[in-house]
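Quick look at input-v8.txt (compact mmCIF, C-alpha atoms):
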# COMPACT_ATOMS: atom_id res chain seq x y z
CA MET A 1 58.05 -52.55 184.15
CA ALA A 2 58.31 -49.70 181.67
CA PRO A 3 54.97 -48.60 180.21
CA SER A 4 54.22 -50.06 176.80
CA GLU A 5 53.48 -48.09 173.69
CA PRO A 6 49.82 -47.68 172.65
CA LEU A 7 48.42 -50.36 170.39
CA ARG A 8 48.94 -49.70 166.73
CA GLU A 9 45.76 -49.67 164.71
CA GLU A 10 46.77 -52.68 162.63
CA GLU A 11 47.37 -54.69 165.80
CA TRP A 12 43.92 -54.46 167.33
CA ALA A 13 42.12 -54.23 163.97
CA ARG A 14 43.74 -57.49 162.82
CA GLY A 15 43.15 -59.22 166.11
CA ARG A 16 39.47 -58.32 166.40
CA GLU A 17 38.58 -60.97 163.81
CA GLY A 18 38.98 -63.62 166.50
CA ALA A 19 37.43 -61.61 169.28
CA GLY A 20 33.95 -63.17 169.13
CA ASN A 21 30.59 -61.54 168.58
CA TRP A 22 29.46 -60.82 172.13
CA ARG A 23 30.33 -57.13 171.93
CA ARG A 24 31.39 -54.65 169.31
CA GLY A 25 33.75 -51.82 170.07
CA PRO A 26 33.78 -48.18 168.95
CA ALA A 27 33.37 -47.24 165.34
CA ALA A 28 37.11 -46.73 165.04
CA ALA A 29 37.75 -50.33 166.08
CA ARG A 30 35.36 -51.64 163.44
CA GLY A 31 37.51 -50.31 160.65
CA ALA A 32 35.69 -47.03 160.19
CA PRO A 33 38.03 -44.14 159.43
CA THR A 34 38.66 -41.89 162.39
CA ALA A 35 37.26 -38.93 160.52
CA ALA A 36 36.25 -35.78 162.26
CA VAL A 37 32.70 -35.75 163.56
CA PRO A 38 30.78 -32.60 162.68
CA VAL A 39 29.48 -30.67 165.65
CA ALA A 40 26.78 -28.06 165.40
CA LEU A 41 26.85 -24.91 167.45
CA PRO A 42 23.41 -23.32 167.97
CA ARG A 43 23.18 -19.87 166.49
CA GLN A 44 20.47 -17.30 166.07
CA GLY A 45 18.93 -17.92 162.71
CA ARG A 46 21.86 -19.79 161.14
CA ARG A 47 23.46 -23.15 161.84
CA LEU A 48 27.22 -22.99 162.31
CA TRP A 49 28.78 -26.31 161.35
CA MET A 50 32.24 -27.14 162.57
CA THR A 51 32.97 -28.59 159.11
CA ASP A 52 32.31 -25.20 157.49
CA CYS A 53 35.73 -24.07 158.69
CA VAL A 54 38.86 -26.22 158.52
CA PRO A 55 41.85 -25.39 160.78
CA ASP A 56 45.16 -24.85 159.01
CA PRO A 57 47.94 -26.53 161.07
CA SER A 58 50.60 -24.32 159.49
CA SER A 59 49.41 -21.29 161.47
CA ARG A 60 49.55 -20.95 165.24
CA ALA A 61 46.49 -18.75 165.10
CA ALA A 62 44.52 -21.66 163.58
CA PRO A 63 43.03 -19.80 160.59
CA LEU A 64 39.72 -21.06 159.34
CA ARG A 65 39.50 -21.41 155.60
CA ALA A 66 36.04 -20.50 154.47
CA ARG A 67 34.26 -22.76 152.05
CA GLY A 68 31.09 -22.50 149.97
CA PRO A 69 28.95 -19.42 150.60
CA LEU A 70 31.28 -18.20 153.38
CA GLU A 71 33.82 -17.22 150.74
CA LYS A 72 31.81 -14.12 149.89
CA LYS A 73 29.61 -13.49 152.94
CA SER A 74 30.40 -12.67 156.52
CA PHE A 75 28.58 -14.39 159.38
CA GLN A 76 26.48 -11.29 160.01
CA GLU A 77 25.43 -11.04 156.36
CA ILE A 78 24.45 -14.71 156.32
CA TYR A 79 22.32 -14.21 159.41
CA GLN A 80 20.58 -11.19 157.87
CA SER A 81 19.91 -12.95 154.58
CA ASP A 82 18.41 -15.97 156.34
CA SER A 83 16.23 -13.88 158.64
CA GLU A 84 14.71 -11.98 155.73
CA GLY A 85 12.56 -15.01 154.95
CA TRP A 86 10.97 -15.02 158.39
CA GLU A 87 7.93 -12.99 157.50
CA THR A 88 5.72 -14.45 160.23
CA SER A 89 6.14 -15.94 163.68
CA LYS A 90 5.09 -19.25 162.15
CA ASP A 91 8.19 -19.21 159.93
CA LEU A 92 10.35 -18.48 162.95
CA ARG A 93 8.84 -21.34 164.97
CA SER A 94 9.31 -23.70 162.03
CA ASN A 95 12.97 -22.71 161.70
CA LEU A 96 13.59 -23.13 165.43
CA GLY A 97 11.92 -26.54 165.31
CA ASN A 98 14.25 -27.64 162.53
CA LEU A 99 17.26 -26.43 164.50
CA GLU A 100 16.17 -28.35 167.59
CA SER A 101 15.67 -31.53 165.54
CA GLU A 102 19.14 -31.25 164.04
CA LEU A 103 20.72 -30.64 167.44
CA VAL A 104 19.00 -33.74 168.83
CA PHE A 105 20.26 -35.75 165.85
CA LEU A 106 23.84 -34.52 166.32
CA ASN A 107 23.66 -35.23 170.05
CA THR A 108 22.60 -38.81 169.30
CA LEU A 109 25.25 -39.21 166.60
CA THR A 110 28.24 -37.72 168.42
CA GLY A 111 27.27 -37.90 172.09
CA ILE A 112 28.08 -34.17 172.40
CA ASN A 113 25.31 -32.12 173.96
CA ILE A 114 25.48 -28.30 173.91
CA ARG A 115 23.39 -26.98 176.79
CA LYS A 116 24.21 -23.26 176.75
CA TYR A 117 25.56 -20.96 174.09
CA SER A 118 26.13 -17.22 173.80
CA LYS A 119 27.83 -14.92 171.32
CA LYS A 120 28.95 -11.30 171.37
CA ILE A 121 30.07 -9.34 168.31
CA GLU A 122 32.39 -6.34 168.39
CA ASN A 123 32.88 -4.24 165.26
CA LEU A 124 36.55 -3.29 164.95
CA THR A 125 36.17 -1.56 161.58
CA SER A 126 37.75 1.90 161.60
CA THR A 127 36.67 4.85 159.46
CA GLU A 128 39.65 4.38 157.20
CA MET A 129 38.83 0.69 156.78
CA THR A 130 35.23 1.54 155.94
CA GLU A 131 36.34 3.86 153.17
CA ARG A 132 38.42 1.02 151.75
CA ARG A 133 35.43 -1.33 152.06
CA ILE A 134 37.17 -3.47 154.64
CA LYS A 135 35.34 -5.08 157.56
CA LYS A 136 36.91 -6.34 160.77
CA VAL A 137 34.72 -8.10 163.33
CA LEU A 138 35.59 -9.90 166.58
CA GLN A 139 33.21 -12.63 167.73
CA ARG A 140 33.27 -13.93 171.29
CA HIS A 141 31.67 -17.36 171.71
CA LYS A 142 30.92 -19.19 174.93
CA LEU A 143 29.33 -22.62 175.20
CA SER A 144 28.96 -25.37 177.76
CA GLY A 145 27.85 -28.94 177.46
CA ASN A 146 28.82 -32.55 177.95
CA CYS A 147 29.97 -35.60 176.06
CA HIS A 148 28.32 -38.44 177.96
CA MET A 149 29.88 -38.31 181.46
CA ILE A 150 32.44 -35.56 180.70
CA THR A 151 31.34 -31.93 181.05
CA PHE A 152 33.12 -28.97 179.49
CA GLN A 153 32.98 -25.21 178.96
CA VAL A 154 34.59 -23.63 175.91
CA GLU A 155 35.31 -19.95 175.28
CA PHE A 156 36.86 -18.82 172.01
CA GLN A 157 37.27 -15.71 169.87
CA ILE A 158 37.06 -15.51 166.08
CA LEU A 159 38.54 -12.54 164.24
CA GLU A 160 36.86 -12.02 160.88
CA PHE A 161 38.50 -9.88 158.23
CA GLN A 162 36.82 -9.13 154.91
CA ASP A 163 37.84 -6.99 151.97
CA LYS A 164 36.46 -6.68 148.44
CA GLU A 165 37.66 -10.11 147.37
CA ASN A 166 38.46 -12.30 150.35
CA LEU A 167 37.04 -13.32 153.71
CA SER A 168 39.31 -14.84 156.36
CA SER A 169 38.57 -16.00 159.89
CA ILE A 170 41.02 -17.07 162.57
CA ILE A 171 40.60 -18.31 166.13
CA THR A 172 42.63 -15.86 168.19
CA ASP A 173 41.93 -17.32 171.63
CA LEU A 174 40.69 -20.67 172.97
CA ASN A 175 40.03 -21.56 176.58
CA ILE A 176 38.70 -24.99 177.59
CA ILE A 177 37.48 -25.61 181.13
CA MET A 178 36.71 -29.15 182.27
CA GLU A 179 35.43 -30.26 185.64
CA SER A 180 37.76 -32.41 187.63
CA THR A 181 37.64 -35.88 186.18
CA ALA A 182 39.22 -39.27 186.75
CA TYR A 183 40.50 -39.26 183.18
CA SER A 184 44.02 -37.91 183.63
CA GLU A 185 44.77 -38.47 179.93
CA LEU A 186 42.59 -35.48 179.04
CA SER A 187 44.63 -32.85 180.91
CA GLU A 188 47.63 -32.84 178.58
CA PHE A 189 45.40 -33.11 175.51
CA VAL A 190 43.29 -30.09 176.53
CA SER A 191 46.43 -28.00 177.06
CA ARG A 192 47.68 -28.98 173.62
CA ALA A 193 44.35 -28.09 171.98
CA GLU A 194 44.37 -24.67 173.70
CA GLU A 195 47.94 -23.99 172.62
CA ARG A 196 47.12 -24.81 169.01
CA ARG A 197 43.75 -23.07 169.19
CA ASP A 198 42.32 -26.19 167.55
CA LEU A 199 38.65 -26.35 168.48
CA PHE A 200 37.91 -28.93 165.82
CA MET A 201 40.50 -31.38 167.19
CA PHE A 202 39.13 -30.96 170.72
CA PHE A 203 35.59 -32.04 169.82
CA ARG A 204 36.74 -34.83 167.52
CA SER A 205 39.15 -36.38 170.03
CA LEU A 206 36.73 -35.97 172.93
CA HIS A 207 34.11 -37.93 170.98
CA PHE A 208 36.43 -40.89 170.29
CA PHE A 209 37.94 -40.77 173.79
CA VAL A 210 34.50 -41.20 175.35
CA GLU A 211 33.66 -44.00 172.89
CA TRP A 212 36.77 -45.93 173.96
CA CYS A 213 35.98 -45.38 177.64
CA GLU A 214 32.47 -46.73 177.14
CA TYR A 215 33.89 -49.72 175.26
CA ARG A 216 36.36 -50.44 178.08
CA LYS A 217 33.52 -50.24 180.60
CA ARG A 218 31.40 -52.75 178.64
CA THR A 219 34.36 -55.10 178.17
CA PHE A 220 35.29 -55.20 181.85
CA LYS A 221 31.62 -55.60 182.82
CA HIS A 222 31.28 -58.59 180.51
CA PHE A 223 34.26 -60.43 182.04
CA LYS A 224 33.15 -59.55 185.57
CA GLU A 225 29.78 -61.17 184.89
CA LYS A 226 31.31 -64.17 183.11
CA TYR A 227 34.07 -64.86 185.70
CA PRO A 228 32.75 -63.36 188.96
CA ALA A 229 35.09 -65.39 191.17
CA ALA A 230 38.26 -64.44 189.30
CA VAL A 231 37.67 -60.86 188.12
CA GLN A 232 37.76 -57.80 190.35
CA LEU A 233 37.27 -54.13 189.37
CA PRO A 234 39.10 -52.13 192.08
CA GLU A 235 37.82 -48.75 190.88
CA GLY A 236 34.23 -49.79 190.26
CA ALA A 237 32.23 -50.02 187.04
CA SER A 238 34.32 -47.35 185.27
CA SER A 239 37.61 -48.83 186.43
CA SER A 240 40.71 -48.44 184.27
CA CYS A 241 42.17 -51.70 185.58
CA MET A 242 40.94 -55.25 186.02
CA SER A 243 42.54 -57.81 188.34
CA ILE A 244 42.43 -61.52 187.55
CA ARG A 245 42.99 -63.92 190.44
CA SER A 246 43.79 -67.58 189.97
CA THR A 247 41.03 -69.84 191.28
CA SER A 248 43.38 -72.81 191.60
CA GLN A 249 46.63 -71.16 192.78
CA PRO A 250 46.07 -68.65 195.59
CA GLY A 251 48.45 -65.69 195.46
CA PHE A 252 48.70 -65.57 191.68
CA GLU A 253 47.18 -62.40 190.25
CA LEU A 254 47.36 -60.51 186.95
CA VAL A 255 46.35 -56.86 186.65
CA ILE A 256 45.26 -55.39 183.32
CA VAL A 257 45.77 -51.62 183.12
CA TRP A 258 43.81 -50.13 180.23
CA ARG A 259 44.29 -46.45 179.46
CA MET A 260 43.68 -44.24 176.43
CA HIS A 261 46.53 -42.54 174.60
CA ILE A 262 45.90 -39.30 172.68
CA ASP A 263 48.74 -38.56 170.26
CA GLU A 264 49.96 -35.20 168.98
CA GLU A 265 47.34 -35.14 166.22
CA GLY A 266 44.50 -35.95 168.61
CA LYS A 267 44.12 -39.59 167.60
CA VAL A 268 42.82 -41.82 170.40
CA LEU A 269 44.23 -45.35 170.76
CA PRO A 270 43.98 -47.97 173.54
CA LYS A 271 47.01 -48.69 175.69
CA LEU A 272 47.00 -51.93 177.67
CA ASP A 273 49.65 -53.16 180.11
CA LEU A 274 49.92 -56.37 182.12
CA LEU A 275 51.23 -56.38 185.69
CA THR A 276 51.99 -59.59 187.60
CA GLN A 277 51.67 -60.36 191.29
CA VAL A 278 52.99 -63.80 192.26
CA PRO A 279 54.39 -65.31 195.48
CA GLN A 280 58.12 -64.94 196.05
CA ARG A 281 58.55 -68.70 196.12
CA ALA A 282 57.08 -68.95 192.60
CA LEU A 283 59.54 -66.34 191.34
CA GLU A 284 62.44 -68.34 192.73
CA LEU A 285 61.24 -71.47 190.92
CA ASP A 286 60.66 -69.63 187.64
CA GLN A 287 63.98 -70.51 186.00
CA LYS A 288 62.75 -69.68 182.47
CA GLY A 289 61.63 -66.19 183.43
CA ALA A 290 58.03 -66.70 182.33
CA VAL A 291 56.69 -64.24 184.89
CA THR A 292 59.17 -61.53 183.91
CA ALA A 293 58.38 -61.98 180.21
CA ALA A 294 54.61 -62.10 180.73
CA PRO A 295 54.01 -58.39 179.91
CA LEU A 296 55.83 -58.72 176.58
CA HIS A 297 53.96 -61.94 175.77
CA PHE A 298 50.70 -60.17 176.56
CA ARG A 299 51.53 -57.48 174.00
CA ALA A 300 52.14 -60.19 171.41
CA LEU A 301 48.85 -61.82 172.35
CA LEU A 302 47.01 -58.53 171.83
CA GLY A 303 48.49 -58.25 168.35
CA LEU A 304 47.38 -61.77 167.46
CA LEU A 305 43.94 -61.96 169.03
CA GLY A 306 42.71 -58.47 169.78
CA ILE A 307 41.61 -57.08 173.14
CA GLU A 308 38.62 -59.26 174.05
CA ALA A 309 40.13 -62.57 172.92
CA ALA A 310 43.46 -61.83 174.65
CA LEU A 311 41.68 -61.15 177.95
CA GLU A 312 39.58 -64.27 177.46
CA SER A 313 42.76 -66.34 177.05
CA LEU A 314 44.24 -65.00 180.29
CA LEU A 315 41.05 -65.72 182.20
CA ARG A 316 40.80 -69.27 180.89
CA LEU A 317 44.44 -69.82 181.81
CA LEU A 318 44.05 -68.67 185.41
CA CYS A 319 40.66 -70.32 185.83
CA GLY A 320 41.93 -73.72 184.76
CA GLY A 321 40.56 -73.69 181.22
CA LYS A 322 42.42 -74.03 177.95
CA PRO A 323 43.61 -70.71 176.51
CA ARG A 324 42.22 -69.70 173.15
CA CYS A 325 44.79 -69.47 170.34
CA PRO A 326 44.20 -68.92 166.62
CA PRO A 327 44.93 -71.80 164.21
CA SER A 328 48.55 -72.29 163.10
CA THR A 329 49.88 -70.11 165.96
CA GLN A 330 51.63 -70.92 169.22
CA CYS A 331 50.31 -69.53 172.48
CA CYS A 332 52.63 -67.35 174.51
CA TYR A 333 51.86 -69.26 177.72
If you convert what's in this file into structure tokens, what do you get?
Amino acid sequence: MAPSEPLREEEWARGREGAGNWRRGPAAARGAPTAAVPVALPRQGRRLWMTDCVPDPSSRAAPLRARGPLEKKSFQEIYQSDSEGWETSKDLRSNLGNLESELVFLNTLTGINIRKYSKKIENLTSTEMTERRIKKVLQRHKLSGNCHMITFQVEFQILEFQDKENLSSIITDLNIIMESTAYSELSEFVSRAEERRDLFMFFRSLHFFVEWCEYRKRTFKHFKEKYPAAVQLPEGASSSCMSIRSTSQPGFELVIVWRMHIDEEGKVLPKLDLLTQVPQRALELDQKGAVTAAPLHFRALLGLLGIEAALESLLRLLCGGKPRCPPSTQCCY
């Protein structure tokens, strides 16, 4: 069976109305816009917000367009101006306390935890550039952290160029290192983020990817507890597939394969496929081709009911119960 396309947003968003209230999925599945989540990088004296700089997709060097006060001040000048107010050690402790509180808040909000961070600055301004009042600075940043169960290390360089009127910053190099993980979907995405030098897309997509993985884990766990005799998780609690065995017809088994698809823009969407395992004798008697068409019918069921209700219908069918169908619609089975 050829792999299916990832679910379109309107499919699972429309179907979730009949999905029941036992669990709620990620924020994206509840209709919230998949907007970028701001991530704070700890800095000495000054908070660096990822939303302060917006990547421009038209440039391969991923220029960062400065906004607000960054239009007239370099990072070094901002740091110096902020530190001037630290007249006593008490002021410094108060500022550090505020930074720690904000980092804890962002960790709770996004699930991204920055454990280590370092920065080196190299002044590339030549004598001739100084005479023309031009500044050129190269910043080397290195940070490591985790987003729930996924750990990462990011190294990137920012080239800052400032003249009398303008200040521009571009990411000239981005290197993302991730420990070996069972999530194969991330490998291609990380390579794409490095190629585009798009640090913002990396953090945003990682956040939603982990949310979907946690949602899948909760969903499978729920059905395992509700139908212990019929449901099996071959890969354990964090399994990407769930097998459903018929309690009345031995040899009949359906396998749900649930993976995450990350598109070219970094958008994360669920991708569910249905595989069938039935005895050869049943295939010979299946003159209408119901088994062969089951994967396509499952896709239609997902569009009508949503993820949880579609899985519930399959389980009721194989466990001898009546499948759940919305009013004025015809079940696929």
Find the spatial neighbours of Gln153 of chain A, counting all atoms listed in the file, within a cut-off of 7 Å - ignore same-chain residues fewer than 5 positions away - and output them as number ranges by chain. A: 143-145, 176-178
Atom CA of Glu185 of chain A to atom CA of Trp258 of chain A: how many Å, to one decimal?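 Atom-to-atom, atom CA of Glu185 of chain A and atom CA of Trp258 of chain A are spaced 11.7 Å apart.
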Nearest to Lys136 of chain A: which of A:Asn166, A:Asn98, A:Gln249, A:Asn123 is it, counting only C-alpha atoms?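 Result for the nearest residue to Lys136 of chain A: A:Asn123.
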Residue nearest Val210 of chain A - candidates A:Lys119, A:Arg281, A:His141, A:Arg259, atoms counted: only C-alpha atoms: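 Distance minimum relative to Val210 of chain A lands on A:Arg259.
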Interatomic distance between atom CA of Ser246 of chain A and atom CA of Tyr215 of chain A? 25.2 Å
Residue nearest Cys241 of chain A - candidates A:Arg197, A:Arg299, A:Lys224, A:Arg133, atoms counted: only C-alpha atoms: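 Among the listed residues, the smallest separation from Cys241 of chain A belongs to A:Lys224.
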Could you please determine the separation between atom CA of Lys221 of chain A and atom CA of Thr276 of chain A in Å, to one decimal place?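 Answer for the atom CA of Lys221 of chain A to atom CA of Thr276 of chain A separation: 21.3 Å.
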Go through A:Ile112, A:Val104, A:Met242, A:Ala237 and flag the residue nearest Glu211 of chain A, using only C-alpha atoms for the distances. A:Ile112
